[in-house]
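Listing of target24.csv, CSV, C-alpha atoms
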```csv
chain,number,residue,atom,x,y,z
A,1,MET,CA,11.1,-3.2,-17.5
A,2,ARG,CA,11.9,0.0,-15.7
A,3,GLY,CA,15.0,-0.2,-13.4
A,4,PHE,CA,16.0,-2.5,-10.7
A,5,GLU,CA,12.9,-2.5,-8.6
A,6,PRO,CA,10.6,-4.4,-11.0
A,7,LEU,CA,13.4,-6.9,-11.7
A,8,ALA,CA,13.9,-7.4,-7.9
A,9,TRP,CA,10.1,-7.9,-7.5
A,10,VAL,CA,9.9,-10.5,-10.3
A,11,LEU,CA,12.9,-12.4,-9.1
A,12,GLN,CA,11.4,-12.4,-5.5
A,13,ALA,CA,8.3,-14.0,-6.9
A,14,ILE,CA,10.2,-16.5,-9.1
A,15,THR,CA,12.5,-17.5,-6.2
A,16,GLY,CA,9.5,-17.8,-3.9
A,17,ILE,CA,7.8,-20.3,-6.2
A,18,ALA,CA,11.1,-22.1,-6.9
A,19,MET,CA,11.6,-22.5,-3.1
A,20,VAL,CA,8.3,-24.4,-2.8
A,21,PHE,CA,9.6,-27.1,-5.1
A,22,LEU,CA,13.3,-27.1,-4.0
A,23,ILE,CA,12.4,-27.3,-0.3
A,24,THR,CA,9.9,-30.1,-1.0
A,25,VAL,CA,12.7,-32.0,-2.7
A,26,HIS,CA,15.1,-31.2,0.2
A,27,PHE,CA,12.5,-32.4,2.7
A,28,PHE,CA,12.1,-35.7,1.0
A,29,ALA,CA,15.8,-36.1,0.6
A,30,THR,CA,16.4,-35.7,4.3
A,31,HIS,CA,13.2,-37.2,5.8
A,32,SER,CA,12.0,-40.0,3.5
A,33,ALA,CA,14.0,-42.6,5.5
A,34,HIS,CA,15.0,-42.8,9.2
A,35,ASP,CA,18.8,-42.3,9.0
A,36,LEU,CA,19.1,-39.7,6.2
A,37,LEU,CA,19.9,-36.9,8.7
A,38,SER,CA,22.9,-38.8,10.1
A,39,TYR,CA,26.3,-37.2,9.5
A,40,GLU,CA,27.4,-40.1,7.3
A,41,SER,CA,24.3,-39.9,5.1
A,42,ALA,CA,24.6,-36.1,4.8
A,43,VAL,CA,28.3,-36.4,3.7
A,44,GLU,CA,27.4,-39.2,1.3
A,45,ARG,CA,24.6,-37.2,-0.2
A,46,LEU,CA,26.8,-34.0,-0.6
A,47,LYS,CA,29.5,-36.0,-2.4
A,48,SER,CA,27.2,-36.6,-5.3
A,49,PHE,CA,27.4,-34.1,-8.1
A,50,ASP,CA,23.6,-33.9,-8.6
A,51,TYR,CA,23.0,-33.1,-5.0
A,52,LYS,CA,25.8,-30.5,-5.0
A,53,LEU,CA,24.1,-28.8,-8.0
A,54,PHE,CA,20.7,-29.0,-6.3
A,55,TYR,CA,22.0,-27.5,-3.0
A,56,ALA,CA,23.9,-24.8,-4.8
A,57,LEU,CA,20.7,-23.9,-6.6
A,58,LEU,CA,18.7,-24.0,-3.3
A,59,LEU,CA,21.4,-21.8,-1.6
A,60,ILE,CA,21.3,-19.2,-4.4
A,61,VAL,CA,17.5,-19.1,-4.5
A,62,VAL,CA,17.0,-18.9,-0.7
A,63,SER,CA,19.8,-16.3,-0.2
A,64,PHE,CA,18.4,-14.1,-2.9
A,65,HIS,CA,14.9,-14.4,-1.5
A,66,ALA,CA,16.0,-13.7,2.1
A,67,PHE,CA,18.3,-10.8,1.4
A,68,ASN,CA,16.0,-9.1,-1.1
A,69,GLY,CA,13.2,-9.5,1.4
A,70,LEU,CA,15.4,-7.9,4.1
A,71,ARG,CA,16.2,-5.1,1.6
A,72,ALA,CA,12.4,-4.5,1.0
A,73,VAL,CA,11.8,-4.4,4.8
A,74,ILE,CA,14.6,-1.8,5.3
A,75,LEU,CA,13.4,0.3,2.3
A,76,ASP,CA,9.9,0.3,3.9
A,77,THR,CA,11.3,2.7,6.5
A,78,GLU,CA,12.0,6.4,6.0
A,79,GLY,CA,15.7,5.9,7.1
A,80,GLY,CA,16.2,3.1,4.7
A,81,MET,CA,14.6,4.9,1.8
A,82,LYS,CA,16.8,8.0,2.4
A,83,ARG,CA,19.9,5.7,2.1
A,84,LYS,CA,18.6,3.3,-0.5
A,85,ARG,CA,21.8,3.2,-2.5
A,86,LEU,CA,23.8,2.3,0.6
A,87,VAL,CA,21.1,-0.3,1.6
A,88,ASN,CA,21.1,-1.9,-1.9
A,89,VAL,CA,24.9,-2.1,-2.1
A,90,SER,CA,25.3,-3.4,1.5
A,91,ILE,CA,22.6,-6.1,1.1
A,92,ALA,CA,24.0,-7.1,-2.3
A,93,MET,CA,27.5,-7.6,-0.7
A,94,LEU,CA,26.0,-9.6,2.2
A,95,ALA,CA,24.1,-11.8,-0.2
A,96,ILE,CA,27.2,-12.4,-2.4
A,97,LEU,CA,29.3,-13.2,0.7
A,98,ALA,CA,26.7,-15.6,2.1
A,99,ILE,CA,26.3,-17.4,-1.3
A,100,ALA,CA,30.1,-17.5,-1.8
A,101,TYR,CA,30.6,-19.0,1.7
A,102,GLY,CA,27.9,-21.5,1.2
A,103,LEU,CA,29.3,-22.6,-2.2
A,104,PHE,CA,32.8,-22.8,-0.7
A,105,LEU,CA,31.4,-25.2,2.0
A,106,LEU,CA,29.6,-27.3,-0.6
A,107,MET,CA,32.8,-27.7,-2.6
A,108,ARG,CA,34.6,-29.1,0.4
A,109,PHE,CA,32.6,-32.3,0.2
B,1,MET,CA,-26.0,8.0,22.5
B,2,LYS,CA,-22.5,8.3,23.8
B,3,PHE,CA,-20.0,10.0,21.5
B,4,LYS,CA,-16.4,9.3,22.6
B,5,ILE,CA,-14.1,11.5,20.7
B,6,LYS,CA,-10.3,11.6,20.6
B,7,ARG,CA,-9.4,15.2,20.7
B,8,PHE,CA,-6.1,17.0,20.2
B,9,ASN,CA,-4.8,20.5,20.6
B,10,GLU,CA,-1.2,21.8,20.9
B,11,LYS,CA,-1.8,23.0,24.5
B,12,ASN,CA,-3.4,19.8,26.0
B,13,GLY,CA,-2.1,17.1,23.7
B,14,SER,CA,-4.3,14.1,23.0
B,15,TYR,CA,-7.2,13.1,25.2
B,16,TRP,CA,-10.7,11.5,25.1
B,17,GLN,CA,-13.9,13.3,25.7
B,18,THR,CA,-17.4,11.9,25.9
B,19,PHE,CA,-20.6,13.7,24.9
B,20,GLU,CA,-24.2,12.6,25.2
B,21,VAL,CA,-26.1,13.2,22.0
B,22,PRO,CA,-29.9,12.8,21.5
B,23,VAL,CA,-30.4,10.6,18.5
B,24,ARG,CA,-33.3,10.9,16.0
B,25,THR,CA,-34.1,8.4,13.2
B,26,ALA,CA,-31.8,8.5,10.2
B,27,MET,CA,-29.2,10.6,12.0
B,28,THR,CA,-25.6,10.2,10.8
B,29,VAL,CA,-22.3,10.5,12.7
B,30,LEU,CA,-21.8,13.8,11.0
B,31,ASP,CA,-25.2,15.1,12.3
B,32,GLY,CA,-24.0,14.1,15.8
B,33,LEU,CA,-20.7,16.0,15.4
B,34,PHE,CA,-22.6,19.1,14.3
B,35,TYR,CA,-25.0,18.7,17.3
B,36,ILE,CA,-22.0,18.6,19.6
B,37,ARG,CA,-20.4,21.7,18.0
B,38,GLU,CA,-23.7,23.7,18.0
B,39,ASN,CA,-24.9,22.7,21.4
B,40,LEU,CA,-22.2,21.2,23.7
B,41,ASP,CA,-18.7,22.3,22.7
B,42,ASN,CA,-18.1,24.8,19.9
B,43,SER,CA,-14.4,24.2,20.0
B,44,LEU,CA,-14.7,20.7,18.5
B,45,ALA,CA,-12.9,20.7,15.1
B,46,PHE,CA,-13.8,18.4,12.2
B,47,ARG,CA,-14.0,18.7,8.4
B,48,ALA,CA,-17.2,18.4,6.4
B,49,SER,CA,-18.6,19.9,3.3
B,50,CYS,CA,-21.1,18.2,0.9
B,51,ARG,CA,-22.9,15.9,3.5
B,52,MET,CA,-23.6,13.4,0.8
B,53,GLY,CA,-20.5,11.3,0.3
B,54,ILE,CA,-19.0,13.2,-2.6
B,55,CYS,CA,-16.4,15.5,-1.2
B,56,GLY,CA,-14.5,13.1,1.0
B,57,SER,CA,-13.9,15.7,3.7
B,58,CYS,CA,-15.5,14.0,6.7
B,59,ALA,CA,-13.5,10.7,6.7
B,60,VAL,CA,-12.7,9.8,10.3
B,61,LYS,CA,-12.1,6.6,12.2
B,62,ILE,CA,-15.5,5.5,13.6
B,63,ASN,CA,-15.4,2.5,16.0
B,64,GLY,CA,-12.0,1.5,14.6
B,65,LYS,CA,-12.7,1.7,10.9
B,66,PRO,CA,-12.3,4.7,8.6
B,67,ARG,CA,-15.7,5.8,7.3
B,68,LEU,CA,-17.4,8.9,5.9
B,69,ALA,CA,-19.1,10.5,8.9
B,70,CYS,CA,-21.9,11.8,6.6
B,71,GLU,CA,-22.7,8.3,5.3
B,72,THR,CA,-22.5,6.4,8.6
B,73,GLN,CA,-25.9,5.9,10.2
B,74,LEU,CA,-26.0,6.1,14.0
B,75,SER,CA,-28.6,3.3,14.1
B,76,LYS,CA,-25.7,0.8,13.4
B,77,PHE,CA,-24.1,1.4,16.8
B,78,LYS,CA,-24.8,1.5,20.5
B,79,GLU,CA,-22.1,4.1,21.1
B,80,VAL,CA,-19.6,5.7,18.8
B,81,LYS,CA,-15.9,6.1,19.2
B,82,ILE,CA,-14.5,8.7,16.8
B,83,GLU,CA,-10.8,9.3,16.1
B,84,PRO,CA,-8.8,11.1,13.4
B,85,LEU,CA,-7.5,9.1,10.5
B,86,ASP,CA,-4.3,7.1,11.1
B,87,ASN,CA,-1.1,7.8,9.1
B,88,PHE,CA,-1.9,11.5,9.0
B,89,ALA,CA,-0.6,14.2,11.3
B,90,VAL,CA,-3.4,15.6,13.4
B,91,ILE,CA,-3.8,19.4,13.3
B,92,LYS,CA,-6.7,19.7,15.8
B,93,ASP,CA,-9.3,17.1,17.1
B,94,LEU,CA,-10.5,15.3,14.0
B,95,VAL,CA,-8.8,17.5,11.4
B,96,THR,CA,-5.7,16.0,9.8
B,97,GLU,CA,-3.0,17.3,7.5
B,98,PHE,CA,-3.8,16.5,3.9
B,99,GLU,CA,-1.1,18.5,2.1
B,100,GLY,CA,1.3,15.6,1.7
B,101,PHE,CA,-1.5,13.4,0.5
B,102,PHE,CA,-2.5,15.8,-2.3
B,103,ALA,CA,1.2,16.5,-3.1
B,104,LYS,CA,1.6,12.7,-3.8
B,105,HIS,CA,-1.6,12.8,-5.9
B,106,LYS,CA,-0.1,15.6,-7.9
B,107,LYS,CA,3.1,13.7,-8.4
B,108,VAL,CA,1.4,11.0,-10.6
B,109,LYS,CA,0.1,13.6,-13.1
B,110,PRO,CA,-3.6,13.0,-12.5
B,111,TYR,CA,-4.8,14.6,-15.7
B,112,LEU,CA,-5.1,13.7,-19.4
B,113,ILE,CA,-1.8,14.0,-21.2
B,114,ASN,CA,-2.7,14.3,-24.9
B,115,PRO,CA,-0.9,16.6,-27.4
B,116,LYS,CA,-3.9,16.5,-29.7
B,117,ILE,CA,-6.1,18.3,-27.1
B,118,SER,CA,-6.2,21.9,-28.0
B,119,TYR,CA,-8.2,24.4,-26.0
B,120,GLU,CA,-8.2,26.9,-29.0
B,121,ASN,CA,-9.6,24.4,-31.4
B,122,PRO,CA,-11.4,21.8,-29.3
B,123,VAL,CA,-12.1,18.4,-30.9
B,124,GLU,CA,-14.4,15.8,-29.4
B,125,GLN,CA,-12.4,13.0,-27.8
B,126,ILE,CA,-14.5,9.9,-28.8
B,127,GLN,CA,-14.5,6.9,-26.5
B,128,THR,CA,-16.5,3.6,-26.7
B,129,PRO,CA,-18.5,2.4,-23.7
B,130,LYS,CA,-15.9,-0.5,-23.4
B,131,GLN,CA,-13.0,2.0,-23.3
B,132,LEU,CA,-14.9,4.0,-20.6
B,133,LYS,CA,-15.5,0.8,-18.5
B,134,ALA,CA,-11.7,0.1,-18.4
B,135,TYR,CA,-11.2,2.9,-16.0
B,136,TYR,CA,-14.6,4.2,-14.9
B,137,ASP,CA,-14.6,2.6,-11.4
B,138,PHE,CA,-11.3,4.4,-10.5
B,139,THR,CA,-12.8,7.8,-11.4
B,140,LEU,CA,-15.1,7.5,-8.4
B,141,CYS,CA,-12.2,8.1,-5.9
B,142,ILE,CA,-13.2,11.1,-3.6
B,143,LYS,CA,-9.7,11.5,-2.1
B,144,CYS,CA,-11.0,11.0,1.4
B,145,GLY,CA,-7.7,9.4,2.6
B,146,ALA,CA,-9.4,6.3,4.1
B,147,CYS,CA,-7.2,3.9,2.0
B,148,TYR,CA,-4.0,5.7,3.0
B,149,SER,CA,-4.9,5.7,6.7
B,150,VAL,CA,-5.0,1.9,6.8
B,151,CYS,CA,-2.1,1.2,4.5
B,152,PRO,CA,0.8,-0.6,6.4
B,153,ALA,CA,3.3,0.7,3.9
B,154,GLY,CA,2.1,4.3,4.4
B,155,ALA,CA,2.4,3.8,8.2
B,156,THR,CA,6.2,3.1,8.0
B,157,LEU,CA,7.2,5.1,4.9
B,158,GLU,CA,5.8,8.6,4.6
B,159,SER,CA,7.2,9.1,1.1
B,160,TYR,CA,5.3,6.1,-0.2
B,161,LEU,CA,2.9,7.3,-2.9
B,162,GLY,CA,0.0,5.5,-1.4
B,163,PRO,CA,-3.1,3.7,-2.7
B,164,ALA,CA,-5.1,6.8,-3.7
B,165,ALA,CA,-2.4,8.4,-5.8
B,166,LEU,CA,-1.5,5.0,-7.5
B,167,ALA,CA,-5.2,4.3,-8.2
B,168,SER,CA,-5.4,7.7,-9.8
B,169,ALA,CA,-2.3,7.0,-11.9
B,170,TYR,CA,-4.0,3.8,-13.1
B,171,ARG,CA,-7.2,5.6,-13.9
B,172,PHE,CA,-5.4,7.9,-16.4
B,173,ASN,CA,-3.2,5.2,-17.7
B,174,ALA,CA,-6.2,3.1,-18.6
B,175,ASP,CA,-7.9,6.0,-20.3
B,176,SER,CA,-7.8,5.5,-24.1
B,177,ARG,CA,-7.6,9.3,-24.6
B,178,ASP,CA,-4.4,9.6,-22.6
B,179,HIS,CA,-0.8,9.5,-24.0
B,180,GLY,CA,1.1,9.9,-20.7
B,181,LYS,CA,1.3,6.2,-19.8
B,182,GLU,CA,5.1,6.0,-20.0
B,183,GLU,CA,5.6,9.2,-18.0
B,184,ARG,CA,3.4,7.9,-15.2
B,185,LEU,CA,4.8,4.3,-15.3
B,186,LYS,CA,8.2,5.9,-14.7
B,187,ILE,CA,6.9,7.7,-11.6
B,188,VAL,CA,5.0,4.8,-10.1
B,189,SER,CA,7.9,2.4,-10.7
B,190,GLN,CA,10.3,4.3,-8.5
B,191,PRO,CA,11.3,2.7,-5.2
B,192,ASN,CA,8.6,4.6,-3.3
B,193,GLY,CA,5.9,3.5,-5.8
B,194,VAL,CA,4.1,0.3,-6.5
B,195,TRP,CA,6.9,-1.9,-5.2
B,196,ARG,CA,6.4,-0.8,-1.6
B,197,CYS,CA,2.8,-2.3,-1.6
B,198,HIS,CA,2.7,-5.6,0.3
B,199,SER,CA,-0.8,-6.5,-0.8
B,200,ALA,CA,-2.5,-6.1,2.6
B,201,MET,CA,-5.6,-5.2,0.6
B,202,GLU,CA,-6.9,-3.0,3.5
B,203,CYS,CA,-7.2,0.0,1.1
B,204,SER,CA,-9.8,-1.9,-0.9
B,205,GLU,CA,-11.5,-3.2,2.2
B,206,VAL,CA,-12.2,0.3,3.7
B,207,CYS,CA,-12.8,2.4,0.5
B,208,PRO,CA,-16.2,4.0,0.9
B,209,LYS,CA,-16.6,4.0,-2.9
B,210,GLN,CA,-15.4,0.3,-3.3
B,211,ILE,CA,-12.9,1.3,-6.0
B,212,GLU,CA,-10.2,-1.3,-5.1
B,213,PRO,CA,-6.9,0.7,-5.1
B,214,ALA,CA,-5.1,-2.6,-4.4
B,215,LYS,CA,-6.3,-3.9,-7.8
B,216,ALA,CA,-5.1,-0.7,-9.5
B,217,ILE,CA,-1.6,-1.2,-7.9
B,218,GLN,CA,-1.4,-4.8,-9.2
B,219,LEU,CA,-2.4,-3.7,-12.6
B,220,LEU,CA,0.2,-0.9,-12.6
B,221,ARG,CA,2.8,-3.5,-11.6
B,222,ARG,CA,1.8,-5.7,-14.5
B,223,ALA,CA,2.1,-2.7,-16.9
B,224,THR,CA,5.5,-1.7,-15.4
B,225,LEU,CA,6.9,-5.2,-16.0
B,226,ARG,CA,6.1,-5.1,-19.7
```

Produce structure tokens that represent the structure in this file.
Amino acid sequence: MRGFEPLAWVLQAITGIAMVFLITVHFFATHSAHDLLSYESAVERLKSFDYKLFYALLLIVVSFHAFNGLRAVILDTEGGMKRKRLVNVSIAMLAILAIAYGLFLLMRF
Amino acid sequence: MKFKIKRFNEKNGSYWQTFEVPVRTAMTVLDGLFYIRENLDNSLAFRASCRMGICGSCAVKINGKPRLACETQLSKFKEVKIEPLDNFAVIKDLVTEFEGFFAKHKKVKPYLINPKISYENPVEQIQTPKQLKAYYDFTLCIKCGACYSVCPAGATLESYLGPAALASAYRFNADSRDHGKEERLKIVSQPNGVWRCHSAMECSEVCPKQIEPAKAIQLLRRATLR
């Protein structure tokens, strides 16, 4: 593999496929019965270690896919391509921040 | 038949002009353009050379789609609307700037790289029909720019190598006589290379030689990941 771009592209594809399965599970976990979206049900669910692990994985996968997609959109412009190092570093920092904040919230349950 | 042409010059900017052209059987759009220049307005600028779909000079947007003017029969249409190719700077009328396009083509080293080839002591470079078939379709590119003119990545990023240059890179990488694969993969794998393609597939859709540059880009991606 040659550099970061091919790796980013492969991970974008992998996270895209992973999201199809993870979001399907999330959909069933929250919509398979009538009261699963209530505050009590959500707290109950997030207290379980398995769900915590599942949502941590979903958070990482979705965040990577979204921020890497945003990076690709910015690099598609002349201004973004001229400052690609700045774009890469800024987006990576934003992604790390979003994942860290999400994990922090998950751990609170 | 009405010829509605999008014209441009530095003094007047961009404007539309309509000409009435008498049509004969088997007449092409290029014949119509020559008729206008010879009989109605000799200031009309357009490019043309071979008149047989080989040189790629006469690619223009005809009724919204990039086509070779010399290969487009007028009998297809009730009236024709002709514009210069998109994603290229217009110099005058239908003539666009191709320097950047060819510079990108040059960047991907579109020639055989083989240390064994010696012009002093030439040796036959043998190739089986199967080896030829692996890249033959991509040799048909006439560098008309139609693919680049419809590429959404090319529209937003001028430095993107573009479908024609990438198809050319694949053509030489798939050639069994070539030894420059690694050099080219390094070039096409840069941020302004194959990763900027978003698989709109329009390049393959409009190619007058049906060479599928989008397929070449996907194959280059696969090679880059190995």

Dump as a PyMOL selection string the residues of chain A that approach chain B to within 9 Å, counting all atoms listed in the file.
chain A and resi 1-7+9-10+72+75-79+81+84

Between atom CA of Ile82 of chain B and atom CA of Ile62 of chain B, what is the spacing in Å?
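Straight-line distance from atom CA of Ile62 of chain B to atom CA of Ile82 of chain B works out to 4.6 Å.
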
Find the residues around Met19 of chain A up to 12 Å (all atoms listed in the file counted), leave out those fewer than 3 positions away in its own chain, and share them as a list in words.
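Those residues are Leu11, Gln12, Ala13, Ile14, Thr15, Gly16, Leu22, Ile23, Thr24, Val25, His26, Phe27, Phe54, Tyr55, Leu57, Leu58, Leu59, Ile60, Val61, Val62, Ser63, Phe64, His65 and Ala66 of chain A.
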
Point-to-point distance in Å for atom CA of Phe19 of chain B and atom CA of Phe3 of chain B
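If I compute the distance from atom CA of Phe3 of chain B to atom CA of Phe19 of chain B, I get 5.1 Å.
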
How far is it from atom CA of Phe138 of chain B to atom CA of Leu161 of chain B, in Å with one decimal?
16.4 Å

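Candidate residues A:Phe28, A:Leu53, A:Ala8, A:Ile17 were compared for distance to Leu106 of chain A, and the nearest is A:Leu53, using all atoms listed in the file.
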
Long-range neighbours of Ala29 of chain A as a PyMOL selection string, 10 Å cut-off, only C-alpha atoms, 5 positions minimum in chain
chain A and resi 23-24+36-37+42+45+51

Please provide as a list of chain:residue names all residues within 8 Å of Gly145 of chain B, with the sequence filter that same-chain residues fewer than 5 positions apart are discarded (counting all atoms listed in the file).
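These residues fall inside the cut-off: B:Gly56, B:Ala59, B:Leu85, B:Phe101, B:Ala164.
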